[in-house]
>>> print(open('structure07.cif').read())   # mmCIF, C-alpha atoms and all ligand atoms
data_start
#
loop_
_atom_site.label_atom_id
_atom_site.label_comp_id
_atom_site.auth_asym_id
_atom_site.auth_seq_id
_atom_site.Cartn_x
_atom_site.Cartn_y
_atom_site.Cartn_z
CA MET A 16 0.00 0.00 0.00
CA GLN A 17 1.23 3.51 -0.82
CA PRO A 18 1.64 5.68 2.27
CA HIS A 19 -0.69 8.67 2.29
CA PHE A 20 1.05 12.02 2.08
CA SER A 21 -0.37 15.48 2.71
CA LYS A 22 -0.98 17.84 -0.21
CA THR A 23 2.16 19.77 0.65
CA VAL A 24 4.34 16.66 0.66
CA ALA A 25 2.85 15.42 -2.60
CA LEU A 26 3.39 18.83 -4.20
CA LEU A 27 6.98 18.97 -2.98
CA GLN A 28 7.66 15.47 -4.30
CA ASP A 29 6.43 16.55 -7.72
CA LEU A 30 8.62 19.67 -7.66
CA VAL A 31 11.76 17.81 -6.55
CA LYS A 32 11.26 15.32 -9.39
CA ILE A 33 11.54 18.20 -11.88
CA GLU A 34 15.22 18.96 -12.43
CA SER A 35 15.61 22.76 -12.43
CA ILE A 36 19.33 23.32 -12.06
CA ASN A 37 20.37 26.89 -12.75
CA PRO A 38 21.91 26.83 -16.26
CA SER A 39 24.28 29.66 -15.30
CA LEU A 40 25.87 27.29 -12.77
CA ALA A 41 25.91 24.11 -14.89
CA ALA A 42 25.59 24.14 -18.69
CA THR A 43 23.39 21.01 -18.62
CA GLY A 44 20.93 22.53 -16.12
CA SER A 45 17.35 22.70 -17.44
CA GLY A 46 16.41 25.95 -15.72
CA GLU A 47 13.01 26.83 -14.32
CA GLN A 48 10.63 26.50 -17.32
CA ARG A 49 9.39 22.99 -16.46
CA VAL A 50 8.64 24.02 -12.89
CA VAL A 51 6.59 26.89 -14.30
CA ASN A 52 4.70 24.51 -16.61
CA TYR A 53 3.89 22.34 -13.61
CA LEU A 54 2.77 25.31 -11.46
CA LYS A 55 0.52 26.48 -14.28
CA GLY A 56 -1.31 23.14 -14.20
CA PHE A 57 -1.38 23.22 -10.41
CA CYS A 58 -3.06 26.65 -10.34
CA GLU A 59 -5.49 25.78 -13.14
CA SER A 60 -6.63 22.71 -11.20
CA LEU A 61 -7.35 24.92 -8.17
CA GLY A 62 -8.82 27.82 -10.11
CA LEU A 63 -6.07 30.18 -8.97
CA PRO A 64 -5.08 33.06 -11.28
CA TYR A 65 -1.44 33.23 -12.35
CA ASP A 66 1.03 35.27 -14.31
CA ILE A 67 4.16 34.12 -16.12
CA GLN A 68 6.85 36.76 -16.23
CA GLU A 69 9.57 36.10 -18.79
CA VAL A 70 12.88 37.24 -17.31
CA LYS A 71 15.50 35.65 -19.53
CA ASP A 72 15.16 33.35 -22.55
CA GLY A 73 13.01 30.44 -21.43
CA ARG A 74 13.44 31.24 -17.75
CA PRO A 75 10.24 32.82 -16.37
CA ASN A 76 9.11 33.84 -12.89
CA PHE A 77 5.72 32.44 -11.89
CA LEU A 78 3.22 34.38 -9.77
CA THR A 79 -0.15 33.35 -8.38
CA TRP A 80 -2.40 35.12 -5.91
CA VAL A 81 -5.57 35.36 -3.89
CA GLU A 82 -7.16 38.78 -3.92
CA GLY A 83 -7.67 40.44 -0.53
CA LYS A 84 -10.44 42.65 0.82
CA ASN A 85 -8.17 45.58 0.05
CA PRO A 86 -6.56 44.55 -3.27
CA ASP A 87 -4.23 47.57 -3.29
CA ARG A 88 -2.33 46.14 -0.36
CA ARG A 89 -0.07 43.30 -1.46
CA LEU A 90 1.98 40.86 0.58
CA LEU A 91 4.58 38.81 -1.30
CA PHE A 92 5.67 35.27 -0.51
CA ILE A 93 8.66 34.32 -2.62
CA ALA A 94 10.76 31.17 -3.01
CA HIS A 95 13.14 30.36 -5.84
CA SER A 96 12.55 27.59 -8.35
CA ASP A 97 16.16 27.09 -9.48
CA THR A 98 18.57 24.79 -7.68
CA VAL A 99 22.33 24.39 -7.54
CA PRO A 100 23.90 21.54 -9.56
CA ILE A 101 24.29 18.00 -8.26
CA ASP A 102 27.63 16.71 -7.11
CA ASN A 103 28.57 13.26 -5.83
CA TRP A 104 25.08 12.09 -4.94
CA THR A 105 24.99 8.43 -3.96
CA SER A 106 21.20 8.26 -4.36
CA ASP A 107 18.85 9.69 -7.00
CA PRO A 108 18.85 13.49 -6.44
CA PHE A 109 15.41 13.78 -8.06
CA SER A 110 13.64 10.97 -6.22
CA GLY A 111 11.63 13.06 -3.75
CA GLU A 112 11.74 9.95 -1.61
CA VAL A 113 10.26 10.13 1.88
CA ARG A 114 12.32 8.28 4.48
CA ASP A 115 12.53 8.64 8.27
CA GLY A 116 10.27 11.67 8.34
CA ARG A 117 12.32 13.50 5.72
CA LEU A 118 11.81 14.25 2.06
CA HIS A 119 15.05 13.84 0.11
CA GLY A 120 16.38 15.38 -3.09
CA ARG A 121 17.93 18.43 -4.72
CA GLY A 122 15.87 21.51 -3.94
CA SER A 123 13.89 19.82 -1.15
CA CYS A 124 14.95 22.46 1.38
CA ASP A 125 16.51 25.04 -0.99
CA THR A 126 13.77 26.12 -1.70
CA LYS A 127 11.05 23.92 -3.15
CA GLY A 128 9.98 23.06 0.41
CA SER A 129 9.19 26.71 1.14
CA LEU A 130 7.50 27.07 -2.25
CA SER A 131 5.24 24.04 -1.67
CA ALA A 132 4.28 25.29 1.78
CA MET A 133 3.52 28.79 0.47
CA LEU A 134 1.34 27.38 -2.31
CA THR A 135 -0.63 25.11 0.03
CA ALA A 136 -1.13 28.00 2.43
CA LEU A 137 -2.27 30.22 -0.45
CA ALA A 138 -4.72 27.59 -1.73
CA SER A 139 -6.34 27.58 1.72
CA MET A 140 -6.85 31.36 1.46
CA ALA A 141 -9.22 31.05 -1.52
CA GLU A 142 -12.39 31.02 0.61
CA LYS A 143 -10.89 33.14 3.40
CA LYS A 144 -10.58 36.58 1.78
CA PRO A 145 -7.43 37.79 3.54
CA SER A 146 -7.26 41.52 4.24
CA CYS A 147 -4.52 42.13 1.67
CA THR A 148 -3.80 40.41 -1.64
CA ILE A 149 -1.45 37.47 -1.12
CA VAL A 150 0.97 36.83 -3.97
CA VAL A 151 3.16 33.72 -4.12
CA ALA A 152 6.08 33.96 -6.52
CA ALA A 153 8.51 31.32 -7.75
CA SER A 154 11.58 33.32 -8.75
CA ILE A 155 14.35 32.27 -11.10
CA ASP A 156 18.10 32.50 -10.68
CA GLU A 157 18.36 33.02 -6.93
CA GLU A 158 21.44 30.78 -6.90
CA TYR A 159 23.35 33.02 -9.31
CA ARG A 160 22.49 36.68 -9.93
CA LYS A 161 18.95 36.80 -8.49
CA ILE A 162 17.58 38.35 -11.67
CA GLY A 163 14.14 36.83 -10.98
CA ALA A 164 13.66 38.66 -7.69
CA ARG A 165 15.13 41.77 -9.24
CA ALA A 166 12.51 41.65 -12.01
CA ILE A 167 9.76 41.32 -9.40
CA ALA A 168 11.17 44.20 -7.36
CA LEU A 169 11.31 46.44 -10.44
CA SER A 170 8.06 45.24 -12.08
CA GLY A 171 6.09 48.30 -10.97
CA THR A 172 3.78 46.27 -8.71
CA SER A 173 4.28 47.42 -5.13
CA TYR A 174 4.42 45.14 -2.11
CA GLU A 175 4.05 46.19 1.51
CA ALA A 176 6.34 43.43 2.67
CA ALA A 177 7.79 40.07 1.67
CA VAL A 178 8.34 36.66 3.20
CA VAL A 179 11.35 35.03 1.56
CA GLY A 180 11.38 31.24 1.75
CA GLU A 181 14.79 29.80 2.60
CA PRO A 182 15.74 26.96 4.94
CA THR A 183 15.93 28.74 8.31
CA GLU A 184 14.59 25.80 10.40
CA LEU A 185 11.53 27.99 11.06
CA GLN A 186 13.76 30.62 12.70
CA LEU A 187 12.80 34.19 11.92
CA VAL A 188 15.56 35.96 10.00
CA VAL A 189 15.18 39.74 9.93
CA ALA A 190 18.68 40.64 8.73
CA HIS A 191 21.29 39.18 6.46
CA LYS A 192 24.48 40.13 4.75
CA GLY A 193 25.04 41.23 1.19
CA SER A 194 28.19 41.13 -0.89
CA VAL A 195 30.18 43.03 -3.43
CA ARG A 196 32.77 41.21 -5.55
CA TRP A 197 35.26 42.67 -7.96
CA GLN A 198 38.64 42.28 -9.56
CA VAL A 199 41.78 44.29 -8.83
CA GLU A 200 44.81 44.59 -11.06
CA VAL A 201 48.39 45.64 -10.41
CA GLU A 202 50.32 46.63 -13.48
CA GLY A 203 54.07 46.04 -13.72
CA VAL A 204 56.71 46.29 -16.41
CA PRO A 205 58.05 43.10 -18.01
CA ALA A 206 61.80 42.44 -18.18
CA HIS A 207 64.16 39.48 -18.38
CA THR A 208 64.63 38.01 -14.92
CA SER A 209 68.41 38.14 -15.40
CA LYS A 210 68.03 41.95 -15.19
CA PRO A 211 64.97 42.35 -12.96
CA HIS A 212 65.87 45.97 -12.11
CA LEU A 213 64.76 46.90 -15.64
CA GLY A 214 61.20 45.82 -14.88
CA VAL A 215 58.51 46.39 -12.22
CA ASN A 216 57.24 43.26 -10.53
CA ALA A 217 53.43 43.24 -10.45
CA ILE A 218 53.31 40.25 -8.08
CA THR A 219 55.48 42.06 -5.52
CA GLY A 220 53.20 45.09 -5.88
CA MET A 221 50.15 42.90 -5.38
CA ALA A 222 51.73 41.44 -2.23
CA LYS A 223 51.62 44.96 -0.73
CA VAL A 224 48.00 45.34 -1.83
CA ILE A 225 47.03 42.04 -0.22
CA LEU A 226 48.73 42.90 3.07
CA ALA A 227 46.97 46.28 3.13
CA LEU A 228 43.62 44.55 2.47
CA ASP A 229 44.39 42.11 5.25
CA ASP A 230 44.84 45.04 7.66
CA HIS A 231 41.56 46.48 6.38
CA ASN A 232 39.80 43.17 7.08
CA ARG A 233 41.07 43.25 10.67
CA GLU A 234 39.62 46.74 10.99
CA LEU A 235 36.29 45.51 9.62
CA SER A 236 36.12 42.69 12.16
CA ALA A 237 36.00 45.29 14.94
CA ARG A 238 32.73 46.72 13.59
CA GLN A 239 30.32 44.82 15.79
CA GLN A 240 26.72 44.37 14.64
CA ALA A 241 23.56 43.58 16.53
CA LEU A 242 22.20 40.70 14.44
CA VAL A 243 24.88 39.62 11.99
CA SER A 244 28.62 39.04 12.33
CA PRO A 245 30.93 41.94 11.35
CA PRO A 246 31.68 42.75 7.69
CA THR A 247 34.54 40.82 6.06
CA LEU A 248 36.86 41.12 3.09
CA THR A 249 38.43 38.03 1.51
CA VAL A 250 40.95 37.91 -1.32
CA SER A 251 39.65 34.72 -2.89
CA LEU A 252 41.43 34.33 -6.23
CA ILE A 253 44.81 35.37 -7.63
CA GLU A 254 46.54 35.13 -10.98
CA GLY A 255 49.75 36.70 -12.18
CA GLY A 256 52.92 36.39 -14.17
CA LEU A 257 53.68 35.20 -17.68
CA GLU A 258 56.43 32.62 -17.40
CA LEU A 259 59.35 31.62 -15.23
CA THR A 260 61.91 34.04 -16.67
CA THR A 261 59.90 37.23 -17.12
CA VAL A 262 59.33 39.89 -14.46
CA PRO A 263 55.52 39.74 -14.11
CA PRO A 264 53.80 42.60 -15.95
CA SER A 265 50.40 41.96 -14.37
CA CYS A 266 48.77 40.40 -11.34
CA LYS A 267 45.03 40.18 -10.59
CA ILE A 268 42.99 39.24 -7.56
CA TRP A 269 39.27 38.84 -6.82
CA ILE A 270 37.81 40.38 -3.69
CA ASP A 271 34.68 39.15 -1.94
CA ARG A 272 33.50 41.80 0.51
CA ARG A 273 30.52 40.86 2.72
CA LEU A 274 28.26 43.77 3.60
CA VAL A 275 26.19 44.24 6.74
CA PRO A 276 22.74 45.89 6.84
CA GLY A 277 23.15 49.61 6.34
CA GLU A 278 26.34 49.28 4.28
CA ARG A 279 26.12 49.92 0.56
CA PRO A 280 28.37 48.35 -2.10
CA ASP A 281 29.66 51.86 -2.94
CA ASP A 282 30.75 52.43 0.65
CA ALA A 283 32.88 49.28 0.57
CA LEU A 284 34.39 50.16 -2.80
CA ARG A 285 35.22 53.67 -1.61
CA GLU A 286 37.04 52.40 1.50
CA VAL A 287 39.20 50.10 -0.60
CA GLU A 288 39.85 52.88 -3.11
CA ALA A 289 41.25 55.04 -0.27
CA ILE A 290 43.70 52.23 0.57
CA PHE A 291 44.73 51.96 -3.08
CA HIS A 292 45.21 55.71 -3.27
CA THR A 293 47.74 55.54 -0.43
CA LEU A 294 49.56 52.61 -2.08
CA ARG A 295 49.79 54.53 -5.34
CA GLU A 296 51.05 57.70 -3.67
CA LYS A 297 53.40 56.24 -1.07
CA GLU A 298 54.60 52.99 -2.62
CA GLY A 299 54.20 53.67 -6.33
CA VAL A 300 52.08 50.55 -6.81
CA LYS A 301 50.03 50.83 -10.01
CA VAL A 302 46.84 49.31 -8.59
CA ARG A 303 43.29 49.77 -9.79
CA SER A 304 39.87 48.20 -9.35
CA LEU A 305 38.33 46.64 -12.47
CA LEU A 306 34.66 47.58 -12.39
CA PRO A 307 31.71 47.05 -12.53
CA ALA A 308 31.49 44.98 -9.40
CA LEU A 309 28.97 42.19 -8.81
CA GLU A 310 26.59 43.65 -6.27
CA ASP A 311 24.20 41.93 -3.92
CA PRO A 312 23.11 44.60 -1.43
CA ALA A 313 22.49 43.83 2.23
CA PRO A 314 18.79 44.41 2.93
CA THR A 315 17.85 46.89 5.62
CA SER A 316 17.05 45.03 8.83
CA ALA A 317 13.32 44.30 9.14
CA GLU A 318 13.35 44.21 12.94
CA ASN A 319 10.99 47.16 13.27
CA SER A 320 8.56 46.11 10.57
CA GLN A 321 4.99 44.91 10.80
CA ILE A 322 5.82 41.74 8.86
CA ALA A 323 8.46 40.73 11.43
CA LEU A 324 5.99 41.29 14.23
CA LYS A 325 3.26 39.17 12.60
CA ALA A 326 5.74 36.46 11.66
CA ALA A 327 7.13 36.37 15.20
CA GLN A 328 3.64 35.74 16.57
CA ALA A 329 2.97 32.98 14.03
CA CYS A 330 6.37 31.32 14.64
CA ALA A 331 5.90 31.42 18.41
CA ALA A 332 2.42 29.90 18.26
CA VAL A 333 3.27 27.13 15.79
CA ALA A 334 6.92 26.25 16.35
CA GLY A 335 8.06 27.98 19.53
CA THR A 336 10.46 30.09 17.44
CA GLY A 337 10.20 33.76 16.43
CA GLU A 338 13.18 35.38 18.06
CA TYR A 339 14.79 37.81 15.61
CA ILE A 340 18.04 36.51 14.16
CA GLY A 341 20.50 37.45 11.40
CA VAL A 342 22.37 35.14 9.01
CA PRO A 343 25.53 35.54 6.92
CA TYR A 344 24.20 34.18 3.59
CA GLY A 345 22.33 36.16 0.94
CA THR A 346 18.78 35.65 -0.40
CA ASP A 347 16.28 37.18 -2.84
CA ALA A 348 15.66 39.79 -0.12
CA SER A 349 18.79 41.59 -1.39
CA GLN A 350 17.02 42.43 -4.64
CA LEU A 351 13.61 43.11 -3.09
CA SER A 352 15.24 45.61 -0.75
CA LEU A 353 16.15 47.66 -3.83
CA ALA A 354 12.45 48.49 -4.06
CA GLY A 355 12.35 49.27 -0.34
CA ILE A 356 10.29 46.17 0.51
CA PRO A 357 10.79 45.05 4.13
CA CYS A 358 11.67 41.34 4.06
CA ILE A 359 11.87 38.50 6.48
CA VAL A 360 13.41 35.13 5.64
CA LEU A 361 11.64 32.07 6.97
CA GLY A 362 11.23 28.49 5.86
CA PRO A 363 11.56 24.76 6.58
CA GLY A 364 14.83 22.81 6.44
CA SER A 365 18.39 23.63 7.37
CA ILE A 366 20.86 25.77 5.42
CA ASP A 367 23.48 23.17 6.41
CA ARG A 368 21.70 20.68 4.13
CA ALA A 369 21.33 23.11 1.21
CA HIS A 370 23.88 22.63 -1.61
CA THR A 371 24.99 19.27 -0.14
CA ASN A 372 24.70 15.79 -1.65
CA ASN A 373 22.34 14.82 1.14
CA GLU A 374 19.71 17.53 0.89
CA PHE A 375 16.44 16.91 2.67
CA VAL A 376 13.66 18.68 4.51
CA GLU A 377 11.96 17.43 7.70
CA LEU A 378 8.26 16.80 7.09
CA ASP A 379 7.43 18.13 10.53
CA GLN A 380 9.00 21.50 9.68
CA LEU A 381 7.40 21.47 6.25
CA GLU A 382 3.89 21.08 7.71
CA LYS A 383 4.54 23.66 10.42
CA SER A 384 5.72 26.15 7.81
CA VAL A 385 2.38 25.83 6.01
CA GLU A 386 0.62 26.82 9.22
CA ILE A 387 3.04 29.68 9.90
CA TYR A 388 2.65 31.09 6.39
CA ARG A 389 -1.12 30.66 6.62
CA ARG A 390 -1.29 32.63 9.86
CA ILE A 391 0.84 35.43 8.40
CA MET A 392 -1.45 35.56 5.35
CA VAL A 393 -4.53 35.84 7.56
CA GLU A 394 -3.11 38.19 10.19
CA TYR A 395 -1.14 40.66 8.09
ZN ZN B 1 20.73 27.92 -2.25
#
>>> encode(input="structure07.cif", output="structure tokens")
Amino acid sequence: MQPHFSKTVALLQDLVKIESINPSLAATGSGEQRVVNYLKGFCESLGLPYDIQEVKDGRPNFLTWVEGKNPDRRLLFIAHSDTVPIDNWTSDPFSGEVRDGRLHGRGSCDTKGSLSAMLTALASMAEKKPSCTIVVAASIDEEYRKIGARAIALSGTSYEAAVVGEPTELQLVVAHKGSVRWQVEVEGVPAHTSKPHLGVNAITGMAKVILALDDHNRELSARQQALVSPPTLTVSLIEGGLELTTVPPSCKIWIDRRLVPGERPDDALREVEAIFHTLREKEGVKVRSLLPALEDPAPTSAENSQIALKAAQACAAVAGTGEYIGVPYGTDASQLSLAGIPCIVLGPGSIDRAHTNNEFVELDQLEKSVEIYRRIMVEY
């Protein structure tokens, strides 16, 4: 006999079985289109309206909603439909198998679990008439550039607040970090290494840059924050030199600077530019930043927002959670914050399972998240 699963579990199984690896991360990834096709059928079967928003060739966002008593007020629930690639799985990553109270497979917690729970909660709103219009969106490309959430933020439709589904183990995240990443080059002058004094060594110059950035990182670590750990700067990649017997004419590094709420990418770039200015003036190092940078802003903390308050009440009642926390990783909230939308991040599953070859979501958390989302939809 087949075990009987709830609607949410059955929906999540279906979604996990659809491979939707982000094609920007793995060339063979199918992208989000097939998830959208499935969601279209899902909404049609329930009589829910929907909209398909083309973002990038064959990679659309999907939105569905239940109209509220005051349709001008909109509350957004968003979870991404892309996943990271699969690596070294010993079992079928697209099985959606339920074992030991857990549903297994790529995307189960990151973030098809949240998406399934949001959709089940929304379906239960159909007869309820919530006070504001509840929109559930499946966004594309969260795992790469977050262009799906960006398109929603800039679509011209305004939202009072957003609940971003990510595996937080039903903890209420009101703040998270952002990042800005860019390349830096030091220019040297090539010469034969038998007469190195005729050249300028770009690798030696870069060594000075790296040490200065290391000092800067130490300074950053002293900037204590309330909810998230201090900002950081990591030199994460380096390349330089031509061959063994040439004084290196060029050396490049990549910087990954993590931003805290309130910091803007420009602020971080400006601080580093001041360090480079000193190196140019005092040490003669020909250093420059290669822009544009990849930017993922840190959302403003939502601790004083109405959505955080309502979510805290729902979390406390259903799961005994609801204390405000911050996390170091980024989410779609980075892009939504560009439109000034206060965001909380909340969902079933653990971030420690996301991106691993043993991804799963606990069914208990999955079911509780449905109830938490449902209460937020009713109470907001
Ligand atoms: Zn992820």
>>> residues_around(input="structure07.cif", residues="segment 207-216 of chain A", least_positions_apart="5", cutoff="12 Å", atoms="only C-alpha atoms", output="ChimeraX atom specification")
/A:201-202,221-223,255-266,299-301
>>> closest_residue(input="structure07.cif", among="A:Ala308, A:Val376, A:Ile359, A:Ile93", to="Val31 of chain A", atoms="all atoms listed in the file")
A:Val376
>>> closest_residue(input="structure07.cif", among="A:Ala132, A:Ile270, A:Ala152, A:Val51", to="Leu91 of chain A", atoms="all atoms listed in the file")
A:Ala152
>>> closest_atom_pairs(input="structure07.cif", of="chain A", to="ligand ZN 1 (chain B)", cutoff="12 Å", atoms="all atoms listed in the file", output="JSON lines")
{"residue": "A:Ile36", "atom": "CA", "partner": "B:ZN1", "partner_atom": "ZN", "distance": 10.9}
{"residue": "A:Asn37", "atom": "CA", "partner": "B:ZN1", "partner_atom": "ZN", "distance": 10.6}
{"residue": "A:Leu40", "atom": "CA", "partner": "B:ZN1", "partner_atom": "ZN", "distance": 11.7}
{"residue": "A:Ala94", "atom": "CA", "partner": "B:ZN1", "partner_atom": "ZN", "distance": 10.5}
{"residue": "A:His95", "atom": "CA", "partner": "B:ZN1", "partner_atom": "ZN", "distance": 8.7}
{"residue": "A:Ser96", "atom": "CA", "partner": "B:ZN1", "partner_atom": "ZN", "distance": 10.2}
{"residue": "A:Asp97", "atom": "CA", "partner": "B:ZN1", "partner_atom": "ZN", "distance": 8.6}
{"residue": "A:Thr98", "atom": "CA", "partner": "B:ZN1", "partner_atom": "ZN", "distance": 6.6}
{"residue": "A:Val99", "atom": "CA", "partner": "B:ZN1", "partner_atom": "ZN", "distance": 6.6}
{"residue": "A:Pro100", "atom": "CA", "partner": "B:ZN1", "partner_atom": "ZN", "distance": 10.2}
{"residue": "A:Arg121", "atom": "CA", "partner": "B:ZN1", "partner_atom": "ZN", "distance": 10.2}
{"residue": "A:Gly122", "atom": "CA", "partner": "B:ZN1", "partner_atom": "ZN", "distance": 8.2}
{"residue": "A:Ser123", "atom": "CA", "partner": "B:ZN1", "partner_atom": "ZN", "distance": 10.7}
{"residue": "A:Cys124", "atom": "CA", "partner": "B:ZN1", "partner_atom": "ZN", "distance": 8.7}
{"residue": "A:Asp125", "atom": "CA", "partner": "B:ZN1", "partner_atom": "ZN", "distance": 5.3}
{"residue": "A:Thr126", "atom": "CA", "partner": "B:ZN1", "partner_atom": "ZN", "distance": 7.2}
{"residue": "A:Lys127", "atom": "CA", "partner": "B:ZN1", "partner_atom": "ZN", "distance": 10.5}
{"residue": "A:Ile155", "atom": "CA", "partner": "B:ZN1", "partner_atom": "ZN", "distance": 11.7}
{"residue": "A:Asp156", "atom": "CA", "partner": "B:ZN1", "partner_atom": "ZN", "distance": 9.9}
{"residue": "A:Glu157", "atom": "CA", "partner": "B:ZN1", "partner_atom": "ZN", "distance": 7.3}
{"residue": "A:Glu158", "atom": "CA", "partner": "B:ZN1", "partner_atom": "ZN", "distance": 5.5}
{"residue": "A:Tyr159", "atom": "CA", "partner": "B:ZN1", "partner_atom": "ZN", "distance": 9.1}
{"residue": "A:Arg160", "atom": "CA", "partner": "B:ZN1", "partner_atom": "ZN", "distance": 11.8}
{"residue": "A:Lys161", "atom": "CA", "partner": "B:ZN1", "partner_atom": "ZN", "distance": 11.0}
{"residue": "A:Gly180", "atom": "CA", "partner": "B:ZN1", "partner_atom": "ZN", "distance": 10.7}
{"residue": "A:Glu181", "atom": "CA", "partner": "B:ZN1", "partner_atom": "ZN", "distance": 7.9}
{"residue": "A:Pro182", "atom": "CA", "partner": "B:ZN1", "partner_atom": "ZN", "distance": 8.8}
{"residue": "A:Thr183", "atom": "CA", "partner": "B:ZN1", "partner_atom": "ZN", "distance": 11.6}
{"residue": "A:Tyr344", "atom": "CA", "partner": "B:ZN1", "partner_atom": "ZN", "distance": 9.2}
{"residue": "A:Gly345", "atom": "CA", "partner": "B:ZN1", "partner_atom": "ZN", "distance": 9.0}
{"residue": "A:Thr346", "atom": "CA", "partner": "B:ZN1", "partner_atom": "ZN", "distance": 8.2}
{"residue": "A:Asp347", "atom": "CA", "partner": "B:ZN1", "partner_atom": "ZN", "distance": 10.3}
{"residue": "A:Gly364", "atom": "CA", "partner": "B:ZN1", "partner_atom": "ZN", "distance": 11.7}
{"residue": "A:Ser365", "atom": "CA", "partner": "B:ZN1", "partner_atom": "ZN", "distance": 10.8}
{"residue": "A:Ile366", "atom": "CA", "partner": "B:ZN1", "partner_atom": "ZN", "distance": 8.0}
{"residue": "A:Asp367", "atom": "CA", "partner": "B:ZN1", "partner_atom": "ZN", "distance": 10.3}
{"residue": "A:Arg368", "atom": "CA", "partner": "B:ZN1", "partner_atom": "ZN", "distance": 9.7}
{"residue": "A:Ala369", "atom": "CA", "partner": "B:ZN1", "partner_atom": "ZN", "distance": 6.0}
{"residue": "A:His370", "atom": "CA", "partner": "B:ZN1", "partner_atom": "ZN", "distance": 6.2}
{"residue": "A:Thr371", "atom": "CA", "partner": "B:ZN1", "partner_atom": "ZN", "distance": 9.9}
{"residue": "A:Glu374", "atom": "CA", "partner": "B:ZN1", "partner_atom": "ZN", "distance": 10.9}
>>> atom_distance(input="structure07.cif", atom1="atom CA of Gly335 of chain A", atom2="atom CA of Lys383 of chain A")
10.7 Å
>>> decode(input="structure07.cif", residues="segment 278-329 of chain A", atoms="C-alpha atoms", output="compact mmCIF listing (two decimals), in the first residue's frame")
# COMPACT_ATOMS: atom_id res chain seq x y z
CA GLU A 278 26.34 49.28 4.28
CA ARG A 279 26.12 49.92 0.56
CA PRO A 280 28.37 48.35 -2.10
CA ASP A 281 29.66 51.86 -2.94
CA ASP A 282 30.75 52.43 0.65
CA ALA A 283 32.88 49.28 0.57
CA LEU A 284 34.39 50.16 -2.80
CA ARG A 285 35.22 53.67 -1.61
CA GLU A 286 37.04 52.40 1.50
CA VAL A 287 39.20 50.10 -0.60
CA GLU A 288 39.85 52.88 -3.11
CA ALA A 289 41.25 55.04 -0.27
CA ILE A 290 43.70 52.23 0.57
CA PHE A 291 44.73 51.96 -3.08
CA HIS A 292 45.21 55.71 -3.27
CA THR A 293 47.74 55.54 -0.43
CA LEU A 294 49.56 52.61 -2.08
CA ARG A 295 49.79 54.53 -5.34
CA GLU A 296 51.05 57.70 -3.67
CA LYS A 297 53.40 56.24 -1.07
CA GLU A 298 54.60 52.99 -2.62
CA GLY A 299 54.20 53.67 -6.33
CA VAL A 300 52.08 50.55 -6.81
CA LYS A 301 50.03 50.83 -10.01
CA VAL A 302 46.84 49.31 -8.59
CA ARG A 303 43.29 49.77 -9.79
CA SER A 304 39.87 48.20 -9.35
CA LEU A 305 38.33 46.64 -12.47
CA LEU A 306 34.66 47.58 -12.39
CA PRO A 307 31.71 47.05 -12.53
CA ALA A 308 31.49 44.98 -9.40
CA LEU A 309 28.97 42.19 -8.81
CA GLU A 310 26.59 43.65 -6.27
CA ASP A 311 24.20 41.93 -3.92
CA PRO A 312 23.11 44.60 -1.43
CA ALA A 313 22.49 43.83 2.23
CA PRO A 314 18.79 44.41 2.93
CA THR A 315 17.85 46.89 5.62
CA SER A 316 17.05 45.03 8.83
CA ALA A 317 13.32 44.30 9.14
CA GLU A 318 13.35 44.21 12.94
CA ASN A 319 10.99 47.16 13.27
CA SER A 320 8.56 46.11 10.57
CA GLN A 321 4.99 44.91 10.80
CA ILE A 322 5.82 41.74 8.86
CA ALA A 323 8.46 40.73 11.43
CA LEU A 324 5.99 41.29 14.23
CA LYS A 325 3.26 39.17 12.60
CA ALA A 326 5.74 36.46 11.66
CA ALA A 327 7.13 36.37 15.20
CA GLN A 328 3.64 35.74 16.57
CA ALA A 329 2.97 32.98 14.03
